[in-house]
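To be precise, the following lines are work.txt, and they hold compact mmCIF, C-alpha atoms and all ligand atoms.
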# COMPACT_ATOMS: atom_id res chain seq x y z
CA MET A 1 111.55 5.29 79.66
CA ASN A 2 113.67 3.12 81.93
CA LYS A 3 113.75 -0.56 80.96
CA GLU A 4 112.55 -3.06 83.52
CA ILE A 5 115.55 -5.15 84.58
CA ARG A 6 114.79 -8.65 85.83
CA ASN A 7 118.16 -10.40 85.94
CA LEU A 8 121.64 -10.25 84.44
CA LYS A 9 120.93 -12.79 81.71
CA GLN A 10 117.85 -10.95 80.47
CA PHE A 11 119.67 -7.61 80.75
CA SER A 12 122.85 -8.70 79.01
CA THR A 13 121.04 -10.30 76.09
CA SER A 14 118.46 -7.58 75.48
CA ASN A 15 120.94 -5.06 74.09
CA ASP A 16 120.63 -4.06 70.48
CA ARG A 17 122.31 -0.66 70.30
CA PHE A 18 125.99 -1.44 70.89
CA GLU A 19 127.56 -4.30 68.97
CA GLY A 20 130.04 -6.69 70.56
CA ALA A 21 132.16 -6.31 67.42
CA HIS A 22 134.70 -3.54 68.08
CA LEU A 23 138.46 -3.10 68.40
CA LEU A 24 138.71 -2.38 72.15
CA CYS A 25 141.28 -4.63 73.88
CA PRO A 26 139.88 -7.93 75.16
CA GLY A 27 138.91 -7.22 78.77
CA CYS A 28 138.44 -3.46 78.28
CA ALA A 29 135.82 -2.15 80.71
CA HIS A 30 134.76 0.72 78.42
CA SER A 31 132.39 -1.56 76.49
CA ILE A 32 130.62 -2.81 79.66
CA ILE A 33 130.05 0.76 80.84
CA VAL A 34 128.66 1.87 77.48
CA ARG A 35 126.57 -1.22 76.86
CA GLU A 36 124.83 -0.87 80.24
CA LEU A 37 123.82 2.69 79.55
CA LEU A 38 122.49 1.94 76.09
CA ASN A 39 120.67 -1.05 77.50
CA CYS A 40 118.87 0.53 80.45
CA THR A 41 116.47 2.77 78.54
CA ASP A 42 114.04 2.49 75.64
CA ASP A 43 114.28 6.19 74.81
CA ASN A 44 115.99 7.48 71.69
CA LEU A 45 119.57 8.47 72.39
CA VAL A 46 121.82 11.13 70.94
CA ILE A 47 125.39 10.30 71.92
CA ALA A 48 128.46 12.53 71.73
CA ASN A 49 131.78 10.72 71.97
CA ALA A 50 135.08 12.47 72.67
CA THR A 51 138.19 11.21 70.90
CA GLY A 52 139.78 8.37 72.86
CA CYS A 53 139.86 4.57 72.95
CA LEU A 54 136.07 4.21 72.85
CA GLU A 55 135.62 6.37 69.78
CA VAL A 56 138.68 5.09 67.91
CA CYS A 57 137.80 1.43 68.48
CA THR A 58 134.06 1.52 67.74
CA ALA A 59 133.88 3.49 64.52
CA VAL A 60 136.46 2.35 62.01
CA TYR A 61 135.15 3.41 58.63
CA PRO A 62 133.08 1.89 57.05
CA HIS A 63 132.05 -0.02 60.21
CA THR A 64 130.35 1.14 63.39
CA SER A 65 129.38 -0.58 66.64
CA TRP A 66 126.66 2.01 67.35
CA ASP A 67 123.02 1.56 66.48
CA ALA A 68 122.02 4.97 67.85
CA SER A 69 122.59 8.58 66.81
CA TRP A 70 126.30 9.00 67.46
CA ILE A 71 128.53 12.04 67.06
CA HIS A 72 132.30 11.80 67.10
CA ILE A 73 133.59 15.11 68.34
CA GLY A 74 137.06 16.44 69.33
CA PHE A 75 138.88 15.29 72.42
CA GLU A 76 137.63 18.27 74.45
CA ASN A 77 134.09 18.79 73.17
CA ALA A 78 131.77 15.93 74.16
CA ALA A 79 129.83 18.05 76.69
CA THR A 80 129.57 20.96 74.25
CA SER A 81 128.30 18.68 71.53
CA ALA A 82 125.68 16.89 73.67
CA SER A 83 124.46 20.14 75.21
CA GLY A 84 124.28 21.82 71.78
CA ALA A 85 122.21 18.95 70.40
CA GLU A 86 119.93 19.17 73.43
CA ALA A 87 119.43 22.93 72.96
CA MET A 88 118.65 22.43 69.26
CA TYR A 89 116.16 19.66 70.06
CA LYS A 90 114.32 21.94 72.52
CA ALA A 91 114.22 24.76 69.97
CA LEU A 92 112.83 22.48 67.24
CA LYS A 93 110.23 21.16 69.65
CA ARG A 94 109.18 24.69 70.59
CA LYS A 95 108.76 25.54 66.92
CA GLY A 96 106.68 22.40 66.28
CA LYS A 97 109.24 21.03 63.83
CA LEU A 98 109.76 17.56 65.31
CA LYS A 99 108.22 14.57 63.51
CA ASP A 100 107.52 12.73 66.76
CA PRO A 101 107.58 15.32 69.57
CA ASP A 102 106.23 12.90 72.16
CA LYS A 103 109.02 10.32 71.76
CA PRO A 104 111.51 11.07 74.56
CA VAL A 105 115.11 11.68 73.54
CA LYS A 106 118.06 11.55 75.95
CA PHE A 107 121.39 13.26 75.39
CA VAL A 108 124.53 11.48 76.51
CA ALA A 109 128.24 12.28 76.34
CA PHE A 110 131.13 9.82 76.78
CA GLY A 111 134.70 10.93 77.41
CA GLY A 112 137.83 9.41 78.92
CA ASP A 113 139.44 10.95 82.00
CA GLY A 114 141.90 12.83 79.79
CA ALA A 115 138.94 14.35 77.94
CA THR A 116 136.98 14.97 81.13
CA TYR A 117 139.27 15.76 84.07
CA ASP A 118 141.74 17.69 81.91
CA ILE A 119 141.20 18.96 78.40
CA GLY A 120 137.38 19.10 78.22
CA PHE A 121 136.98 20.24 81.80
CA GLN A 122 135.95 23.85 81.13
CA PHE A 123 133.44 22.76 78.47
CA LEU A 124 131.91 20.21 80.84
CA SER A 125 131.76 22.80 83.61
CA GLY A 126 130.07 25.28 81.28
CA ALA A 127 127.47 22.79 80.05
CA VAL A 128 126.63 21.80 83.64
CA GLU A 129 126.44 25.42 84.72
CA ARG A 130 124.06 26.22 81.84
CA GLY A 131 121.81 23.42 83.12
CA HIS A 132 121.44 21.37 79.94
CA ASP A 133 119.42 18.19 80.27
CA PHE A 134 122.11 15.60 79.53
CA THR A 135 124.13 12.81 81.11
CA TYR A 136 127.92 12.90 80.97
CA VAL A 137 129.75 9.62 81.57
CA CYS A 138 133.49 9.71 82.22
CA LEU A 139 135.24 6.44 81.30
CA ASP A 140 137.80 6.77 84.06
CA ASN A 141 140.79 4.52 83.33
CA GLU A 142 143.10 7.03 85.04
CA VAL A 143 145.33 7.50 81.99
CA TYR A 144 145.38 8.74 78.38
CA ALA A 145 145.19 5.19 77.06
CA ASN A 146 144.59 5.82 73.38
CA THR A 147 147.84 7.71 72.91
CA GLY A 148 150.03 5.31 74.84
CA GLY A 149 149.41 5.86 78.55
CA GLN A 150 150.25 9.43 79.59
CA ARG A 151 149.18 10.57 83.07
CA SER A 152 146.04 12.63 83.57
CA SER A 153 144.78 14.49 86.65
CA SER A 154 142.86 11.30 87.43
CA THR A 155 146.02 9.18 87.66
CA PRO A 156 146.49 8.04 91.27
CA ILE A 157 149.64 8.75 93.24
CA GLY A 158 152.29 6.08 92.75
CA ALA A 159 151.10 4.87 89.33
CA SER A 160 153.78 4.41 86.69
CA THR A 161 152.75 5.97 83.36
CA THR A 162 154.73 6.91 80.25
CA THR A 163 155.00 10.53 81.48
CA THR A 164 155.52 9.59 85.15
CA PRO A 165 157.66 6.47 84.79
CA ALA A 166 158.72 4.71 87.98
CA GLY A 167 162.44 4.05 88.24
CA ARG A 168 165.57 4.76 90.22
CA ILE A 169 164.68 8.40 90.95
CA SER A 170 160.87 8.35 90.88
CA TYR A 171 158.05 6.31 92.37
CA GLY A 172 155.70 7.39 89.54
CA GLU A 173 152.82 9.86 89.67
CA LYS A 174 153.31 12.41 92.46
CA LYS A 175 149.80 13.91 92.78
CA MET A 176 146.60 12.58 94.29
CA LYS A 177 143.70 11.82 91.95
CA LYS A 178 141.43 14.82 91.35
CA ASP A 179 138.05 14.56 93.11
CA ILE A 180 135.88 15.13 90.04
CA VAL A 181 132.67 13.93 91.71
CA SER A 182 132.81 16.62 94.43
CA ILE A 183 133.76 19.21 91.83
CA MET A 184 130.78 18.35 89.63
CA ALA A 185 128.41 18.40 92.62
CA ALA A 186 129.76 21.83 93.57
CA ASN A 187 129.42 22.88 89.91
CA GLY A 188 125.65 22.51 90.29
CA ALA A 189 124.90 19.12 88.72
CA PRO A 190 121.73 17.88 90.46
CA TYR A 191 122.92 14.28 90.17
CA VAL A 192 126.47 12.90 90.33
CA ALA A 193 127.65 9.38 91.06
CA GLN A 194 130.47 6.89 90.85
CA VAL A 195 129.90 3.48 89.23
CA SER A 196 131.98 0.41 88.52
CA PRO A 197 131.26 -2.46 86.10
CA ASN A 198 131.55 -5.17 88.75
CA LYS A 199 128.42 -3.73 90.44
CA TRP A 200 126.15 -3.83 87.41
CA LYS A 201 122.83 -3.32 89.23
CA ASP A 202 124.18 -0.29 91.06
CA MET A 203 125.39 1.03 87.73
CA VAL A 204 122.03 0.52 86.00
CA LYS A 205 120.12 2.20 88.84
CA LYS A 206 122.38 5.24 88.68
CA TYR A 207 122.19 5.48 84.90
CA GLN A 208 118.40 5.31 85.06
CA LYS A 209 118.33 8.02 87.71
CA ALA A 210 120.73 10.19 85.71
CA LEU A 211 118.64 9.84 82.54
CA SER A 212 115.35 10.49 84.37
CA ILE A 213 116.21 13.68 86.20
CA GLU A 214 115.80 17.07 84.55
CA GLY A 215 119.16 18.79 84.12
CA PRO A 216 122.80 17.73 83.92
CA ALA A 217 123.97 14.47 85.48
CA PHE A 218 127.58 13.40 85.82
CA ILE A 219 128.70 9.78 86.23
CA ASN A 220 132.31 8.82 86.93
CA ALA A 221 132.70 5.21 85.78
CA MET A 222 135.79 3.30 86.83
CA SER A 223 137.10 1.59 83.71
CA ALA A 224 139.82 -0.95 84.43
CA CYS A 225 142.34 -0.85 81.55
CA THR A 226 144.10 -4.16 81.03
CA THR A 227 146.80 -2.58 78.86
CA GLU A 228 147.84 0.43 80.93
CA TRP A 229 147.07 -0.95 84.40
CA LYS A 230 148.90 -4.12 83.39
CA PHE A 231 146.72 -6.99 84.53
CA PRO A 232 145.58 -10.10 82.58
CA SER A 233 142.65 -9.37 80.31
CA ASN A 234 140.42 -11.95 81.98
CA GLU A 235 140.69 -10.19 85.37
CA THR A 236 138.78 -6.98 84.66
CA ILE A 237 135.95 -7.75 87.05
CA GLN A 238 138.30 -9.11 89.76
CA VAL A 239 140.41 -5.93 89.61
CA SER A 240 137.22 -3.84 89.74
CA ASP A 241 136.11 -5.88 92.78
CA LEU A 242 139.44 -5.13 94.46
CA ALA A 243 138.92 -1.39 93.76
CA THR A 244 135.45 -1.24 95.28
CA ASP A 245 136.16 -3.66 98.15
CA SER A 246 139.32 -1.81 99.22
CA LEU A 247 137.35 1.48 98.94
CA VAL A 248 139.97 2.87 96.59
CA PHE A 249 136.95 3.48 94.37
CA PRO A 250 133.91 3.95 96.64
CA LEU A 251 130.43 3.80 95.12
CA TYR A 252 128.12 6.66 96.07
CA GLU A 253 125.89 9.37 94.68
CA ILE A 254 125.28 13.04 95.50
CA GLU A 255 121.89 14.58 94.83
CA GLU A 256 121.18 18.31 94.66
CA GLY A 257 124.82 19.07 95.38
CA HIS A 258 124.78 17.81 98.98
CA LYS A 259 122.66 14.71 99.72
CA LEU A 260 125.30 12.00 99.70
CA THR A 261 124.37 8.31 99.75
CA ILE A 262 126.86 5.45 99.87
CA THR A 263 125.45 2.75 97.59
CA TYR A 264 127.88 -0.09 98.29
CA ARG A 265 129.41 -1.12 101.61
CA PRO A 266 131.81 -4.05 101.28
CA ARG A 267 131.02 -6.83 103.73
CA LYS A 268 134.75 -7.22 104.24
CA ILE A 269 136.98 -4.24 103.49
CA ILE A 270 140.23 -5.46 101.98
CA PRO A 271 143.63 -3.72 102.28
CA VAL A 272 144.59 -1.22 99.58
CA ARG A 273 147.79 -3.23 99.00
CA ASP A 274 145.70 -6.11 97.60
CA TYR A 275 144.30 -3.79 94.93
CA LEU A 276 147.74 -2.36 94.12
CA GLY A 277 149.37 -5.78 94.01
CA ALA A 278 147.06 -6.95 91.21
CA GLN A 279 148.40 -4.38 88.74
CA GLY A 280 151.78 -3.93 87.08
CA ARG A 281 151.50 -0.11 87.17
CA PHE A 282 152.03 -0.26 90.97
CA LYS A 283 154.63 -3.06 91.01
CA HIS A 284 157.50 -0.78 92.10
CA LEU A 285 155.58 0.30 95.24
CA PHE A 286 156.34 -3.10 96.74
CA LYS A 287 160.08 -2.33 96.81
CA LYS A 288 161.29 -1.69 100.34
CA GLU A 289 162.07 2.00 99.73
CA ASN A 290 158.54 2.68 98.42
CA GLU A 291 156.50 0.70 100.95
CA TYR A 292 155.76 3.89 102.92
CA LEU A 293 153.64 5.05 100.00
CA ILE A 294 151.32 2.08 100.34
CA GLU A 295 150.77 3.05 103.99
CA ALA A 296 150.12 6.67 102.96
CA MET A 297 147.62 5.51 100.32
CA GLN A 298 145.83 3.33 102.86
CA LYS A 299 145.54 6.31 105.24
CA SER A 300 144.20 8.52 102.48
CA VAL A 301 141.57 5.92 101.47
CA ASP A 302 140.54 5.48 105.13
CA ALA A 303 140.20 9.25 105.57
CA LYS A 304 138.09 9.61 102.42
CA TRP A 305 135.79 6.77 103.54
CA GLU A 306 135.37 8.40 106.94
CA LEU A 307 134.51 11.68 105.26
CA LEU A 308 131.95 10.04 102.96
CA GLN A 309 130.26 8.35 105.91
CA ARG A 310 130.12 11.60 107.89
CA ARG A 311 128.75 13.50 104.93
CA GLU A 312 126.10 10.82 104.46
CA GLU A 313 125.09 11.03 108.13
CA ALA A 314 125.03 14.81 108.13
CA GLY A 315 123.31 15.16 104.73
CA VAL A 316 125.61 18.02 103.81
C1 LIG B 1 143.01 18.63 71.20
C2 LIG B 1 143.59 17.25 71.11
N1 LIG B 1 144.72 16.96 71.78
C3 LIG B 1 145.24 15.72 71.73
C4 LIG B 1 144.64 14.76 70.97
C5 LIG B 1 145.27 13.38 70.87
N2 LIG B 1 144.51 12.42 71.64
C6 LIG B 1 143.55 11.66 71.08
S1 LIG B 1 142.89 10.56 72.13
C7 LIG B 1 143.91 11.08 73.37
C8 LIG B 1 143.91 10.41 74.72
C9 LIG B 1 142.54 10.10 75.23
O1 LIG B 1 142.62 9.83 76.61
P1 LIG B 1 141.33 9.71 77.49
O2 LIG B 1 140.43 10.87 77.29
O3 LIG B 1 141.75 9.47 78.90
O4 LIG B 1 140.57 8.44 76.90
P2 LIG B 1 141.06 6.90 76.80
O5 LIG B 1 141.71 6.78 75.47
O6 LIG B 1 141.98 6.65 77.95
O7 LIG B 1 139.80 6.14 76.90
C10 LIG B 1 144.75 12.11 72.94
C11 LIG B 1 145.77 12.79 73.76
C12 LIG B 1 143.47 15.10 70.26
N3 LIG B 1 142.79 14.20 69.53
N4 LIG B 1 142.95 16.35 70.35
S1 LIG B 2 144.10 0.59 76.06
FE1 LIG B 2 142.79 0.33 77.86
S2 LIG B 2 141.03 1.71 77.56
FE2 LIG B 2 142.08 1.45 75.57
S3 LIG B 2 140.97 -0.22 74.56
FE3 LIG B 2 142.72 -1.13 75.65
S4 LIG B 2 141.93 -1.72 77.68
FE4 LIG B 2 140.46 -0.29 76.75
Give the structure from this file in structure tokens form.
Amino acid sequence: MNKEIRNLKQFSTSNDRFEGAHLLCPGCAHSIIVRELLNCTDDNLVIANATGCLEVCTAVYPHTSWDASWIHIGFENAATSASGAEAMYKALKRKGKLKDPDKPVKFVAFGGDGATYDIGFQFLSGAVERGHDFTYVCLDNEVYANTGGQRSSSTPIGASTTTTPAGRISYGEKKMKKDIVSIMAANGAPYVAQVSPNKWKDMVKKYQKALSIEGPAFINAMSACTTEWKFPSNETIQVSDLATDSLVFPLYEIEEGHKLTITYRPRKIIPVRDYLGAQGRFKHLFKKENEYLIEAMQKSVDAKWELLQRREEAGV
């Protein structure tokens, strides 16, 4: 059952399933994203966690930050693991073998963008296609952070990473970020959404919706990474604000594959360059010879926003 949320203080102090003691970098957004999900429901949870920063930093033997059923699974298999546990649970229920069959259980998978957009992509697609009742949350920090910052198919154009380093002959990543939300909607997930930790109420509402619906739900959570994005660790929420207010990371949901709703409209839309300028990974774009890329990125963000608004109006 969804928890009643009154205010941030009550919400942030009522958590008892994810400990603040962990080894994530100070300022890492992963913990906010996870904590909110674990905090928004009273139901039992079975959690599958792909290899990545979250898993490595929250379960260092003999310690664990998780007070919930938690499975560490390979880099590529979080969706497989959560959907397998869900199928087993249904089978045991059918056979009358559950101790407490009326206590609701929710199945959740967490994976980074490397695990989700790239290496676990076919397993996620298969689990969604099979229609398992689970929620998949991608901790989207746009890079393989745990292994030192290699690019993924979520890395935005222009970002400097260890495998797309900016320098004399390159401006960094050459490809646009993959549109995983549209892909998952087209894959048949009845609920997909984007969330960001600076909009905590929006995030909670979407988590609660995702956990309540029957069938697979996919949430793409922007997770600002102080280490790889290169910003001071006390600016996680400010950088997230810049992402949502510049519309680089728009907040919306898609129900039943087509009904698109924008859930946050900035009162004042800020230029994309303000978002880029707050992070070291885009520093080189402000050199004269690369400035054209900032213009191109602004145009691309404007076009995507226009498209989202038209899709919302048209309901298709
Ligand atoms: C099959 C496989 N390939 C590579 C690795 C090494 N590996 C572990 S974590 C990781 C990067 C994880 O990146 P991401 O999924 O984006 O999560 P993040 O650490 O950024 O949160 C890699 C490459 C592995 N564990 N298994
Ligand atoms: S490297 Fe990035 S994602 Fe990993 S723990 Fe640090 S801030 Fe979080």
* Close residues, region 199-203 of chain A itself excluded, 12 Å, all atoms listed in the file, min 6 positions apart in chain, as number ranges by chain -> A: 4-9, 11-12, 29, 32-37, 39-40, 137, 193, 209-210, 219-222, 237-238, 240-245, 249-253, 262-266
Any chance you could work out the axis-aligned box around ligand LIG 2 (chain B), listed atoms only, 8 Å on each side, giving centre and edge lengths in Å to one decimal, as lines of an AutoDock Vina configuration file?
center_x = 142.3
center_y = 0.0
center_z = 76.2
size_x = 19.6
size_y = 19.4
size_z = 19.3
request  = Could you pull out the residues sitting within 9 Å of ligand LIG 2 (chain B), using only C-alpha atoms and all ligand atoms, and write them as an MDAnalysis selection string?
outcome  = chainID A and resid 23:31 52:54 56:57 112 139:141 143:149 223:229 233
Neighbours of point (123.8, 20.9, 77.2) within 12 Å, using all atoms listed in the file, written as a PDB file with C-alpha atoms, in the frame of the given file:
ATOM      1  CA  VAL A  46     121.820  11.130  70.940  1.00  0.00           C
ATOM      2  CA  ILE A  47     125.390  10.300  71.920  1.00  0.00           C
ATOM      3  CA  ALA A  48     128.460  12.530  71.730  1.00  0.00           C
ATOM      4  CA  ASN A  77     134.090  18.790  73.170  1.00  0.00           C
ATOM      5  CA  ALA A  78     131.770  15.930  74.160  1.00  0.00           C
ATOM      6  CA  ALA A  79     129.830  18.050  76.690  1.00  0.00           C
ATOM      7  CA  THR A  80     129.570  20.960  74.250  1.00  0.00           C
ATOM      8  CA  SER A  81     128.300  18.680  71.530  1.00  0.00           C
ATOM      9  CA  ALA A  82     125.680  16.890  73.670  1.00  0.00           C
ATOM     10  CA  SER A  83     124.460  20.140  75.210  1.00  0.00           C
ATOM     11  CA  GLY A  84     124.280  21.820  71.780  1.00  0.00           C
ATOM     12  CA  ALA A  85     122.210  18.950  70.400  1.00  0.00           C
ATOM     13  CA  GLU A  86     119.930  19.170  73.430  1.00  0.00           C
ATOM     14  CA  ALA A  87     119.430  22.930  72.960  1.00  0.00           C
ATOM     15  CA  MET A  88     118.650  22.430  69.260  1.00  0.00           C
ATOM     16  CA  TYR A  89     116.160  19.660  70.060  1.00  0.00           C
ATOM     17  CA  LYS A  90     114.320  21.940  72.520  1.00  0.00           C
ATOM     18  CA  LYS A 106     118.060  11.550  75.950  1.00  0.00           C
ATOM     19  CA  PHE A 107     121.390  13.260  75.390  1.00  0.00           C
ATOM     20  CA  VAL A 108     124.530  11.480  76.510  1.00  0.00           C
ATOM     21  CA  ALA A 109     128.240  12.280  76.340  1.00  0.00           C
ATOM     22  CA  PHE A 123     133.440  22.760  78.470  1.00  0.00           C
ATOM     23  CA  LEU A 124     131.910  20.210  80.840  1.00  0.00           C
ATOM     24  CA  SER A 125     131.760  22.800  83.610  1.00  0.00           C
ATOM     25  CA  GLY A 126     130.070  25.280  81.280  1.00  0.00           C
ATOM     26  CA  ALA A 127     127.470  22.790  80.050  1.00  0.00           C
ATOM     27  CA  VAL A 128     126.630  21.800  83.640  1.00  0.00           C
ATOM     28  CA  GLU A 129     126.440  25.420  84.720  1.00  0.00           C
ATOM     29  CA  ARG A 130     124.060  26.220  81.840  1.00  0.00           C
ATOM     30  CA  GLY A 131     121.810  23.420  83.120  1.00  0.00           C
ATOM     31  CA  HIS A 132     121.440  21.370  79.940  1.00  0.00           C
ATOM     32  CA  ASP A 133     119.420  18.190  80.270  1.00  0.00           C
ATOM     33  CA  PHE A 134     122.110  15.600  79.530  1.00  0.00           C
ATOM     34  CA  THR A 135     124.130  12.810  81.110  1.00  0.00           C
ATOM     35  CA  TYR A 136     127.920  12.900  80.970  1.00  0.00           C
ATOM     36  CA  ALA A 189     124.900  19.120  88.720  1.00  0.00           C
ATOM     37  CA  GLU A 214     115.800  17.070  84.550  1.00  0.00           C
ATOM     38  CA  GLY A 215     119.160  18.790  84.120  1.00  0.00           C
ATOM     39  CA  PRO A 216     122.800  17.730  83.920  1.00  0.00           C
ATOM     40  CA  ALA A 217     123.970  14.470  85.480  1.00  0.00           C
TER      41      ALA A 217
END
Spatial neighbours of Gln309 (chain A), 9 Å, all atoms listed in the file, chain gap at least 4 places, as an mmCIF file with C-alpha atoms, keeping the file's coordinate frame:
data_model
loop_
_atom_site.group_PDB
_atom_site.id
_atom_site.type_symbol
_atom_site.label_atom_id
_atom_site.label_comp_id
_atom_site.auth_asym_id
_atom_site.auth_seq_id
_atom_site.Cartn_x
_atom_site.Cartn_y
_atom_site.Cartn_z
ATOM 1 C CA LEU A 260 125.300 12.000 99.700
ATOM 2 C CA THR A 261 124.370 8.310 99.750
ATOM 3 C CA ILE A 262 126.860 5.450 99.870
ATOM 4 C CA LYS A 304 138.090 9.610 102.420
ATOM 5 C CA TRP A 305 135.790 6.770 103.540
ATOM 6 C CA GLU A 313 125.090 11.030 108.130
ATOM 7 C CA ALA A 314 125.030 14.810 108.130
#
